[in-house]
$ cat query_10.txt   # compact mmCIF, C-alpha atoms
# COMPACT_ATOMS: atom_id res chain seq x y z
CA MET Q 77 0.00 0.00 0.00
CA ARG Q 78 1.40 3.42 -0.98
CA ILE Q 79 2.01 5.89 1.76
CA GLU Q 80 -0.52 8.66 2.11
CA ALA Q 81 0.11 12.00 0.44
CA SER Q 82 0.48 13.87 3.73
CA ALA Q 83 2.93 11.29 5.07
CA ALA Q 84 4.84 11.33 1.82
CA PHE Q 85 5.10 15.13 1.95
CA THR Q 86 6.25 15.01 5.56
CA SER Q 87 8.88 12.31 4.93
CA SER Q 88 10.16 14.07 1.82
CA ARG Q 89 10.19 17.58 3.35
CA PRO Q 90 14.02 17.63 3.54
CA LEU Q 91 14.11 16.88 -0.20
CA PHE Q 92 11.53 19.51 -1.11
CA PRO Q 93 14.10 22.17 -2.08
CA LEU Q 94 15.81 19.56 -4.25
CA PHE Q 95 12.57 18.77 -6.08
CA ILE Q 96 12.00 22.48 -6.66
CA PHE Q 97 15.45 22.75 -8.19
CA LEU Q 98 15.03 19.64 -10.33
CA PHE Q 99 11.65 20.47 -11.82
CA PHE Q 100 10.64 24.10 -11.33
CA ILE Q 101 13.96 25.84 -12.05
CA PRO Q 102 14.79 23.86 -15.27
CA GLY Q 103 11.27 24.48 -16.60
CA PHE Q 104 11.48 28.19 -15.85
CA HIS Q 105 14.94 28.33 -17.46
CA ALA Q 106 13.70 26.50 -20.57
CA ARG Q 107 10.79 28.91 -21.06
CA ASN Q 108 13.19 31.85 -20.98
CA LEU Q 109 15.57 30.27 -23.52
CA GLN Q 110 13.08 28.99 -26.11
CA GLN Q 111 13.54 32.10 -28.26
CA CYS Q 112 17.32 31.59 -28.47
CA SER Q 113 18.30 29.51 -31.52
CA SER Q 114 21.28 28.91 -33.81
CA SER Q 115 22.06 27.05 -37.02
CA CYS Q 116 24.98 25.13 -38.56
CA GLY Q 117 24.81 24.10 -42.21
CA ASP Q 118 21.68 22.11 -42.87
CA LEU Q 119 20.89 21.91 -39.18
CA THR Q 120 18.69 24.87 -38.36
CA ASN Q 121 16.77 25.93 -35.27
CA ILE Q 122 19.29 24.64 -32.73
CA SER Q 123 17.45 25.61 -29.56
CA TYR Q 124 17.08 24.64 -25.89
CA PRO Q 125 18.45 22.46 -24.52
CA PHE Q 126 21.00 22.38 -27.37
CA ARG Q 127 23.38 25.21 -28.14
CA LEU Q 128 26.41 25.84 -30.33
CA GLN Q 129 29.87 26.46 -28.99
CA GLY Q 130 30.37 30.22 -28.93
CA ASP Q 131 26.69 31.07 -28.46
CA PRO Q 132 25.82 33.71 -25.82
CA ALA Q 133 25.86 32.45 -22.25
CA GLY Q 134 22.08 32.61 -22.03
CA CYS Q 135 21.52 30.20 -24.95
CA GLY Q 136 20.84 26.54 -24.29
CA ASP Q 137 22.43 24.17 -21.78
CA VAL Q 138 26.18 23.63 -21.74
CA ASP Q 139 25.68 19.89 -21.20
CA PHE Q 140 23.99 19.76 -24.62
CA GLN Q 141 26.55 21.85 -26.46
CA LEU Q 142 27.41 21.16 -30.12
CA SER Q 143 30.28 22.44 -32.20
CA CYS Q 144 30.09 23.60 -35.82
CA GLN Q 145 32.93 22.53 -38.11
CA ASN Q 146 32.86 22.97 -41.88
CA ASN Q 147 29.12 23.75 -41.69
CA THR Q 148 28.46 20.45 -39.93
CA ALA Q 149 27.22 20.17 -36.34
CA ILE Q 150 29.27 17.75 -34.23
CA LEU Q 151 28.36 16.10 -30.93
CA ASN Q 152 31.24 15.01 -28.70
CA PHE Q 153 29.83 12.02 -26.88
CA ARG Q 154 31.64 9.50 -24.68
CA GLY Q 155 35.00 10.17 -26.31
CA GLY Q 156 33.67 9.90 -29.87
CA LYS Q 157 32.75 12.41 -32.56
CA TYR Q 158 29.38 12.28 -34.26
CA TYR Q 159 27.85 14.34 -37.02
CA VAL Q 160 24.39 15.58 -36.07
CA LYS Q 161 21.96 14.79 -38.87
CA GLY Q 162 18.82 16.08 -37.18
CA ILE Q 163 17.09 17.01 -33.94
CA SER Q 164 13.42 16.33 -33.19
CA TYR Q 165 12.06 18.49 -30.39
CA ASP Q 166 8.72 16.73 -30.58
CA LYS Q 167 10.10 13.20 -30.21
CA ARG Q 168 13.05 14.47 -28.15
CA THR Q 169 15.57 12.59 -30.27
CA ILE Q 170 18.84 13.47 -31.99
CA ARG Q 171 20.15 11.52 -35.00
CA VAL Q 172 23.94 11.13 -35.01
CA VAL Q 173 26.47 9.18 -37.09
CA ASP Q 174 30.11 8.32 -36.39
CA VAL Q 175 32.39 10.68 -38.33
CA ASN Q 176 34.33 7.74 -39.83
CA LEU Q 177 31.19 6.07 -41.14
CA ALA Q 178 29.16 9.12 -42.22
CA HIS Q 179 30.24 9.07 -45.86
CA GLY Q 180 29.56 5.39 -46.51
CA THR Q 181 33.21 4.48 -46.81
CA CYS Q 182 34.94 1.34 -45.56
CA GLY Q 183 36.48 1.68 -42.11
CA LEU Q 184 36.13 1.35 -38.34
CA PRO Q 185 34.17 3.73 -36.10
CA TYR Q 186 36.09 6.71 -34.73
CA LYS Q 187 35.36 5.40 -31.22
CA SER Q 188 33.81 2.11 -30.14
CA LEU Q 189 30.35 2.59 -28.61
CA SER Q 190 28.04 -0.23 -27.56
CA MET Q 191 24.31 0.22 -26.98
CA SER Q 192 24.76 -0.20 -23.23
CA GLU Q 193 27.51 2.44 -23.17
CA ALA Q 194 25.37 4.84 -25.22
CA THR Q 195 22.59 4.84 -22.63
CA ASP Q 196 24.92 5.09 -19.63
CA ASP Q 197 24.60 8.86 -19.73
CA GLY Q 198 22.04 11.05 -17.96
CA ARG Q 199 21.62 13.32 -20.99
CA PHE Q 200 20.67 10.49 -23.35
CA PRO Q 201 18.84 7.82 -21.34
CA SER Q 202 17.66 5.62 -24.23
CA LEU Q 203 18.29 4.57 -27.82
CA ILE Q 204 15.77 4.25 -30.66
CA THR Q 205 17.49 1.13 -31.93
CA PHE Q 206 17.84 -2.54 -31.06
CA TRP Q 207 20.88 -3.63 -33.05
CA GLN Q 208 24.57 -2.83 -33.08
CA ALA Q 209 27.45 -3.65 -35.42
CA ASN Q 210 30.35 -5.61 -33.91
CA PHE Q 211 33.73 -5.46 -35.64
CA VAL Q 212 35.69 -8.65 -34.91
CA ASN Q 213 39.42 -9.03 -35.54
CA CYS Q 214 40.77 -12.57 -36.12
CA SER Q 215 44.35 -13.75 -36.47
CA ASN Q 216 43.36 -16.22 -39.18
CA THR Q 217 40.67 -16.51 -41.84
CA ILE Q 218 37.22 -17.71 -40.73
CA PRO Q 219 35.68 -19.42 -43.80
CA GLU Q 220 32.08 -19.23 -42.56
CA LEU Q 221 32.42 -15.43 -42.13
CA THR Q 222 33.85 -14.69 -45.55
CA ASP Q 223 30.80 -12.68 -46.68
CA SER Q 224 31.08 -10.33 -43.69
CA LYS Q 225 34.80 -9.56 -44.10
CA VAL Q 226 35.73 -5.87 -44.17
CA PRO Q 227 38.07 -5.74 -47.20
CA CYS Q 228 39.79 -2.42 -46.54
CA LEU Q 229 40.96 -3.49 -43.08
CA ASN Q 230 42.38 -6.95 -43.83
CA GLY Q 231 46.10 -7.80 -43.72
CA ASP Q 232 48.32 -10.84 -43.59
CA THR Q 233 47.77 -11.41 -39.88
CA SER Q 234 44.57 -9.43 -39.37
CA HIS Q 235 41.14 -10.37 -40.67
CA ILE Q 236 38.25 -8.12 -39.65
CA TYR Q 237 34.61 -9.12 -39.91
CA VAL Q 238 31.38 -7.31 -39.06
CA ASN Q 239 28.52 -8.95 -37.19
CA PHE Q 240 25.15 -7.53 -36.05
CA SER Q 241 23.55 -8.35 -32.70
CA ASN Q 242 21.02 -6.92 -30.25
CA ARG Q 243 23.58 -6.96 -27.39
CA ASN Q 244 27.26 -7.40 -26.72
CA LEU Q 245 28.52 -10.77 -27.92
CA PHE Q 246 29.20 -13.45 -25.31
CA GLY Q 247 32.61 -15.09 -25.21
CA TYR Q 248 31.38 -18.38 -26.65
CA GLU Q 249 29.88 -16.52 -29.63
CA ILE Q 250 33.23 -15.12 -30.69
CA PRO Q 251 35.37 -17.46 -32.85
CA ARG Q 252 38.64 -18.72 -31.44
CA ASN Q 253 41.63 -16.42 -31.98
CA CYS Q 254 39.22 -13.52 -32.47
CA LYS Q 255 38.24 -10.49 -30.40
CA VAL Q 256 35.78 -7.63 -30.70
CA ILE Q 257 37.69 -4.41 -31.43
CA SER Q 258 34.82 -1.97 -32.01
CA ARG Q 259 31.04 -1.57 -31.77
CA ILE Q 260 28.51 0.97 -32.99
CA PRO Q 261 24.69 1.20 -32.70
CA THR Q 262 22.67 1.12 -35.93
CA SER Q 263 19.25 2.35 -36.97
CA SER Q 264 18.04 -1.14 -37.86
CA GLU Q 265 15.09 -2.50 -35.90
CA ASN Q 266 15.17 -5.98 -37.44
CA GLU Q 267 17.52 -8.90 -36.99
CA MET Q 268 20.01 -9.11 -39.82
CA ASN Q 269 23.45 -10.24 -40.83
CA TYR Q 270 24.10 -8.70 -44.21
CA PRO Q 271 27.26 -9.36 -46.21
CA TYR Q 272 29.63 -6.44 -45.96
CA ASN Q 273 28.62 -4.52 -49.09
CA GLU Q 274 26.88 -1.33 -50.18
CA THR Q 275 23.84 -2.12 -48.04
CA THR Q 276 25.94 -2.44 -44.89
CA LEU Q 277 27.87 0.75 -45.62
CA LYS Q 278 24.64 2.66 -46.22
CA LEU Q 279 23.16 1.34 -42.98
CA LEU Q 280 26.22 2.41 -40.95
CA ALA Q 281 26.15 5.84 -42.64
CA THR Q 282 22.53 6.31 -41.55
CA GLY Q 283 23.59 6.56 -37.91
CA PHE Q 284 21.28 6.07 -34.93
CA ASP Q 285 18.87 8.02 -32.71
CA LEU Q 286 19.53 9.04 -29.12
CA ARG Q 287 16.67 10.19 -26.91
CA TRP Q 288 17.60 13.26 -24.87
CA SER Q 289 16.16 14.42 -21.56
CA VAL Q 290 16.98 17.42 -19.38
CA GLU Q 291 14.95 15.92 -16.53
CA CYS Q 292 16.97 12.71 -16.63
CA ARG Q 293 20.21 14.67 -16.67
CA ASN Q 294 19.06 16.48 -13.53
CA CYS Q 295 18.23 13.18 -11.84
CA HIS Q 296 21.70 11.77 -12.53
CA THR Q 297 23.32 14.99 -11.34
CA PHE Q 298 21.87 14.39 -7.87
CA GLY Q 299 22.49 10.65 -7.85
CA LEU Q 300 18.87 9.64 -8.52
CA SER Q 301 17.62 7.04 -10.99
CA CYS Q 302 15.70 8.05 -14.08
CA VAL Q 303 12.52 6.28 -15.23
CA TYR Q 304 9.77 6.83 -17.78
CA GLU Q 305 7.01 9.13 -16.62
CA SER Q 306 4.49 7.02 -18.56
CA LYS Q 307 4.73 3.71 -20.36
CA ASN Q 308 2.64 5.21 -23.16
CA ASP Q 309 4.98 8.17 -23.71
CA PRO Q 310 8.70 7.31 -23.93
CA ARG Q 311 9.64 10.98 -24.34
CA ILE Q 312 9.11 12.08 -20.73
CA PHE Q 313 11.29 10.98 -17.85
CA ARG Q 314 11.23 11.63 -14.14
CA CYS Q 315 13.35 10.91 -11.10
CA GLU Q 316 12.53 7.61 -9.45
CA THR Q 317 11.06 7.93 -5.95
CA MET Q 318 10.98 5.33 -3.21
CA TYR Q 319 7.64 4.35 -1.70
CA GLU Q 320 6.79 2.59 1.51
CA GLU Q 321 6.89 -0.91 0.05
CA ASP Q 322 10.27 -0.13 -1.50
CA TYR Q 323 11.60 0.82 1.92
CA LYS Q 324 10.04 -2.34 3.39
CA THR Q 325 11.68 -4.45 0.71
CA LEU Q 326 15.05 -2.83 1.35
CA LEU Q 327 14.55 -3.15 5.12
CA THR Q 328 13.68 -6.85 4.82
CA ALA Q 329 16.72 -7.46 2.64
CA ALA Q 330 18.93 -5.55 5.07
CA ILE Q 331 17.59 -7.51 8.07
CA ALA Q 332 18.04 -10.81 6.25
CA TYR Q 333 21.60 -9.84 5.40
CA LEU Q 334 22.41 -8.82 8.97
CA VAL Q 335 20.86 -12.01 10.38
CA SER Q 336 22.79 -14.19 7.96
CA ARG Q 337 25.99 -12.35 8.77
CA SER Q 338 25.26 -12.72 12.50
CA LEU Q 339 24.73 -16.48 12.15
CA ILE Q 340 27.90 -16.83 10.15
CA ASP Q 341 29.85 -14.81 12.70
CA LYS Q 342 28.43 -16.90 15.54
CA ALA Q 343 29.33 -20.12 13.75
CA LEU Q 344 32.86 -18.88 13.21
CA LEU Q 345 33.04 -17.77 16.86
CA VAL Q 346 31.94 -21.19 18.10
CA ARG Q 347 34.23 -23.09 15.75
CA PHE Q 348 37.43 -21.12 16.03
CA ILE Q 349 37.23 -19.51 19.49
CA LEU Q 350 34.74 -21.18 21.85
CA ALA Q 351 35.42 -24.78 20.80
CA PRO Q 352 39.22 -24.54 21.28
CA LEU Q 353 38.63 -22.70 24.57
CA VAL Q 354 36.35 -25.47 25.87
CA VAL Q 355 38.90 -28.14 24.86
CA PHE Q 356 41.66 -26.16 26.58
CA VAL Q 357 39.64 -25.79 29.81
CA PHE Q 358 38.78 -29.50 29.76
CA LEU Q 359 42.42 -30.52 29.29
CA LEU Q 360 43.53 -28.07 31.99
CA HIS Q 361 40.94 -29.46 34.42
CA LYS Q 362 41.99 -32.99 33.63
CA CYS Q 363 45.65 -32.14 34.11
CA LEU Q 364 45.04 -30.41 37.45
CA THR Q 365 42.84 -33.28 38.65
CA THR Q 366 45.52 -35.83 37.73
CA ARG Q 367 48.23 -33.84 39.53
CA LYS Q 368 46.05 -33.59 42.62
CA LYS Q 369 45.52 -37.35 42.69
CA VAL Q 370 49.27 -37.97 42.30
CA GLY Q 371 49.99 -35.51 45.11
CA ASN Q 372 47.49 -37.21 47.43
CA ALA Q 373 49.01 -40.61 46.67
CA GLU Q 374 52.54 -39.37 47.48
CA HIS Q 375 51.28 -37.83 50.71
CA VAL Q 376 49.70 -41.12 51.77
CA GLY Q 377 52.94 -42.98 50.92
CA ASP Q 378 54.96 -40.59 53.10
CA LEU Q 379 52.63 -41.15 55.99
CA GLN Q 380 52.98 -44.92 55.64
CA MET Q 381 56.80 -44.66 55.73
CA LEU Q 382 56.85 -42.82 59.11
CA PRO Q 383 57.94 -45.02 62.15
CA LYS Q 384 55.13 -46.31 64.27
CA PRO Q 385 55.06 -45.16 67.92
CA ILE Q 386 55.97 -47.74 70.59
CA PRO Q 387 52.91 -48.60 72.63
CA CYS Q 388 53.14 -48.30 76.43
CA SER Q 389 51.83 -50.70 79.07
CA PRO Q 390 49.22 -49.60 81.50
CA GLN Q 391 51.89 -49.31 84.19
CA GLY Q 392 53.83 -46.85 82.13
CA HIS Q 393 56.59 -49.28 81.11
CA THR Q 394 57.38 -50.17 77.63
CA ARG Q 395 56.35 -53.49 76.38
CA ASN Q 396 58.83 -56.16 75.40
CA LEU Q 397 60.03 -55.60 71.91
CA PRO Q 398 59.32 -58.19 69.34
CA SER Q 399 62.09 -60.60 68.45
CA ASP Q 400 62.82 -58.80 65.27
CA SER Q 401 62.93 -55.35 66.86
CA PRO Q 402 65.93 -53.14 66.03
CA LYS Q 403 67.04 -53.05 69.67
CA GLN Q 404 67.29 -56.85 69.99
CA VAL Q 405 69.23 -56.98 66.71
CA LEU Q 406 71.77 -54.48 68.06
CA ILE Q 407 72.16 -56.45 71.38
CA ALA Q 408 72.73 -59.70 69.51
CA ALA Q 409 75.34 -58.11 67.31
CA SER Q 410 77.16 -56.72 70.34
CA ILE Q 411 77.24 -60.11 72.12
CA GLU Q 412 78.59 -61.78 68.97
CA ARG Q 413 81.48 -59.27 68.72
CA SER Q 414 82.41 -59.77 72.39
CA THR Q 415 82.46 -63.56 72.00
CA LEU Q 416 84.79 -63.36 69.04
CA THR Q 417 87.07 -61.21 71.08
$ encode --input "query_10.txt" --output "structure tokens"
Amino acid sequence: MRIEASAAFTSSRPLFPLFIFLFFIPGFHARNLQQCSSSCGDLTNISYPFRLQGDPAGCGDVDFQLSCQNNTAILNFRGGKYYVKGISYDKRTIRVVDVNLAHGTCGLPYKSLSMSEATDDGRFPSLITFWQANFVNCSNTIPELTDSKVPCLNGDTSHIYVNFSNRNLFGYEIPRNCKVISRIPTSSENEMNYPYNETTLKLLATGFDLRWSVECRNCHTFGLSCVYESKNDPRIFRCETMYEEDYKTLLTAAIAYLVSRSLIDKALLVRFILAPLVVFVFLLHKCLTTRKKVGNAEHVGDLQMLPKPIPCSPQGHTRNLPSDSPKQVLIAASIERSTLT
């Protein structure tokens, strides 16, 4: 069940200034910059959020800045250079093409860019494409890939092929002694694996569409996730918020983690600390008990070795010693010495 509006407002009160900055200020700024526009070659009406390098400070957003070279607008994006072929402010898309592929000539992209890398940017949260070209370099010829070989890039020890996929290739999908050296999104929406010919070159020269969003950029700036505002309209994005059940889910996961860690710690404590300690105490007790028994036995032996007292008669005289008493032995020995003398 979602939290009530009043509770939500109360819990999010510390974030209220942030929401004002994210949504009210950008909208106000956009309304004041709509009348500012530029052009570069065939690309006209470059307006908010886009701007050209060198435009007045009040034009556009610097995060969406383009440069104009030889009457061609260029977007510097994730280390690559892309010619801008068009901007749709209604669909909120920008069509770009790698500068090395724009003229339909044989070659590699200026900079490798996978579909996942293209959308890992707050300014451009999604692609209007489902397929990318993978350029694979092999140390030897792959007969089954002959039709997809890139002729201008082949050498004696380097054989480059192009493959199309809807994701990055897995390791088992890449032939042995081969590796992917470059990727680039395409405008194709259908599965294909054309031979490397005029059709492939034309497809790569068409470029691909990026969907832009100022709102999503703002979300990423403040470390928030960006999601679609509506499933029926992929143009509008908003910052993802956390509701009560999301907190409960995270709390449950956190508790489960802490409990599991506690059980593991207890098991390790019992195994490596308590168990050896118990064994040590047991052995110590056994050792002390054994020593005590030995000591008692020695004490009893000493008592047994002490001379017995001579009993007295009732009249106070000593009794006659037994025949084997030490005194009688001494008397007998004395008499025998005197006789010999």
$ atom_distance --input "query_10.txt" --atom1 "CA of Leu221 in chain Q" --atom2 "CA of Arg252 in chain Q"
12.8 Å
$ atom_distance --input "query_10.txt" --atom1 "CA of Ser202 in chain Q" --atom2 "CA of Ala133 in chain Q"
28.1 Å
$ residues_around --input "query_10.txt" --residues "Leu229 in chain Q" --least-positions-apart "5" --cutoff "9 Å" --atoms "all atoms listed in the file" --output "ChimeraX atom specification"
/Q:182-184,234-236
$ residues_around --input "query_10.txt" --residues "Ser123 in chain Q" --least-positions-apart "5" --cutoff "7 Å" --atoms "only C-alpha atoms" --output "list in words"
Gln110, Cys112, Ser113, Ser114 and Gly136 of chain Q
$ atom_distance --input "query_10.txt" --atom1 "CA of Arg243 in chain Q" --atom2 "CA of Thr181 in chain Q"
24.5 Å
$ residues_near_point --input "query_10.txt" --point "(20.6, 26.5, -35.0)" --cutoff "10 Å" --atoms "all atoms listed in the file" --output "count of residues only"
19
$ closest_residue --input "query_10.txt" --among "Q:Lys225, Q:Val290, Q:Thr282, Q:Leu300" --to "Gly162 in chain Q" --atoms "all atoms listed in the file"
Q:Thr282
$ decode --input "query_10.txt" --residues "range 166-228 of chain Q" --atoms "C-alpha atoms" --output "PDB file, in the first residue's frame"
ATOM      1  CA  ASP Q 166       8.717  16.735 -30.583  1.00  0.00           C
ATOM      2  CA  LYS Q 167      10.098  13.203 -30.207  1.00  0.00           C
ATOM      3  CA  ARG Q 168      13.051  14.469 -28.147  1.00  0.00           C
ATOM      4  CA  THR Q 169      15.571  12.588 -30.275  1.00  0.00           C
ATOM      5  CA  ILE Q 170      18.837  13.474 -31.987  1.00  0.00           C
ATOM      6  CA  ARG Q 171      20.146  11.522 -34.999  1.00  0.00           C
ATOM      7  CA  VAL Q 172      23.939  11.129 -35.011  1.00  0.00           C
ATOM      8  CA  VAL Q 173      26.469   9.181 -37.088  1.00  0.00           C
ATOM      9  CA  ASP Q 174      30.108   8.316 -36.387  1.00  0.00           C
ATOM     10  CA  VAL Q 175      32.391  10.685 -38.328  1.00  0.00           C
ATOM     11  CA  ASN Q 176      34.333   7.745 -39.834  1.00  0.00           C
ATOM     12  CA  LEU Q 177      31.187   6.073 -41.142  1.00  0.00           C
ATOM     13  CA  ALA Q 178      29.164   9.117 -42.217  1.00  0.00           C
ATOM     14  CA  HIS Q 179      30.244   9.070 -45.858  1.00  0.00           C
ATOM     15  CA  GLY Q 180      29.555   5.387 -46.509  1.00  0.00           C
ATOM     16  CA  THR Q 181      33.210   4.483 -46.810  1.00  0.00           C
ATOM     17  CA  CYS Q 182      34.937   1.344 -45.556  1.00  0.00           C
ATOM     18  CA  GLY Q 183      36.477   1.682 -42.107  1.00  0.00           C
ATOM     19  CA  LEU Q 184      36.134   1.347 -38.339  1.00  0.00           C
ATOM     20  CA  PRO Q 185      34.167   3.726 -36.103  1.00  0.00           C
ATOM     21  CA  TYR Q 186      36.092   6.714 -34.735  1.00  0.00           C
ATOM     22  CA  LYS Q 187      35.356   5.404 -31.220  1.00  0.00           C
ATOM     23  CA  SER Q 188      33.806   2.109 -30.145  1.00  0.00           C
ATOM     24  CA  LEU Q 189      30.348   2.588 -28.611  1.00  0.00           C
ATOM     25  CA  SER Q 190      28.044  -0.235 -27.557  1.00  0.00           C
ATOM     26  CA  MET Q 191      24.309   0.219 -26.976  1.00  0.00           C
ATOM     27  CA  SER Q 192      24.759  -0.202 -23.227  1.00  0.00           C
ATOM     28  CA  GLU Q 193      27.507   2.435 -23.167  1.00  0.00           C
ATOM     29  CA  ALA Q 194      25.370   4.839 -25.219  1.00  0.00           C
ATOM     30  CA  THR Q 195      22.587   4.839 -22.630  1.00  0.00           C
ATOM     31  CA  ASP Q 196      24.922   5.094 -19.629  1.00  0.00           C
ATOM     32  CA  ASP Q 197      24.596   8.859 -19.727  1.00  0.00           C
ATOM     33  CA  GLY Q 198      22.040  11.045 -17.956  1.00  0.00           C
ATOM     34  CA  ARG Q 199      21.620  13.323 -20.990  1.00  0.00           C
ATOM     35  CA  PHE Q 200      20.669  10.490 -23.354  1.00  0.00           C
ATOM     36  CA  PRO Q 201      18.836   7.824 -21.343  1.00  0.00           C
ATOM     37  CA  SER Q 202      17.662   5.617 -24.231  1.00  0.00           C
ATOM     38  CA  LEU Q 203      18.286   4.571 -27.823  1.00  0.00           C
ATOM     39  CA  ILE Q 204      15.772   4.249 -30.657  1.00  0.00           C
ATOM     40  CA  THR Q 205      17.492   1.130 -31.926  1.00  0.00           C
ATOM     41  CA  PHE Q 206      17.838  -2.541 -31.063  1.00  0.00           C
ATOM     42  CA  TRP Q 207      20.882  -3.633 -33.053  1.00  0.00           C
ATOM     43  CA  GLN Q 208      24.573  -2.826 -33.079  1.00  0.00           C
ATOM     44  CA  ALA Q 209      27.445  -3.647 -35.422  1.00  0.00           C
ATOM     45  CA  ASN Q 210      30.347  -5.613 -33.915  1.00  0.00           C
ATOM     46  CA  PHE Q 211      33.730  -5.463 -35.638  1.00  0.00           C
ATOM     47  CA  VAL Q 212      35.694  -8.650 -34.909  1.00  0.00           C
ATOM     48  CA  ASN Q 213      39.422  -9.030 -35.540  1.00  0.00           C
ATOM     49  CA  CYS Q 214      40.770 -12.566 -36.117  1.00  0.00           C
ATOM     50  CA  SER Q 215      44.355 -13.746 -36.475  1.00  0.00           C
ATOM     51  CA  ASN Q 216      43.362 -16.221 -39.177  1.00  0.00           C
ATOM     52  CA  THR Q 217      40.668 -16.508 -41.842  1.00  0.00           C
ATOM     53  CA  ILE Q 218      37.217 -17.709 -40.733  1.00  0.00           C
ATOM     54  CA  PRO Q 219      35.680 -19.419 -43.802  1.00  0.00           C
ATOM     55  CA  GLU Q 220      32.075 -19.229 -42.564  1.00  0.00           C
ATOM     56  CA  LEU Q 221      32.415 -15.433 -42.131  1.00  0.00           C
ATOM     57  CA  THR Q 222      33.851 -14.692 -45.552  1.00  0.00           C
ATOM     58  CA  ASP Q 223      30.802 -12.681 -46.682  1.00  0.00           C
ATOM     59  CA  SER Q 224      31.079 -10.334 -43.695  1.00  0.00           C
ATOM     60  CA  LYS Q 225      34.800  -9.563 -44.103  1.00  0.00           C
ATOM     61  CA  VAL Q 226      35.735  -5.867 -44.170  1.00  0.00           C
ATOM     62  CA  PRO Q 227      38.066  -5.745 -47.200  1.00  0.00           C
ATOM     63  CA  CYS Q 228      39.788  -2.417 -46.542  1.00  0.00           C
TER      64      CYS Q 228
END
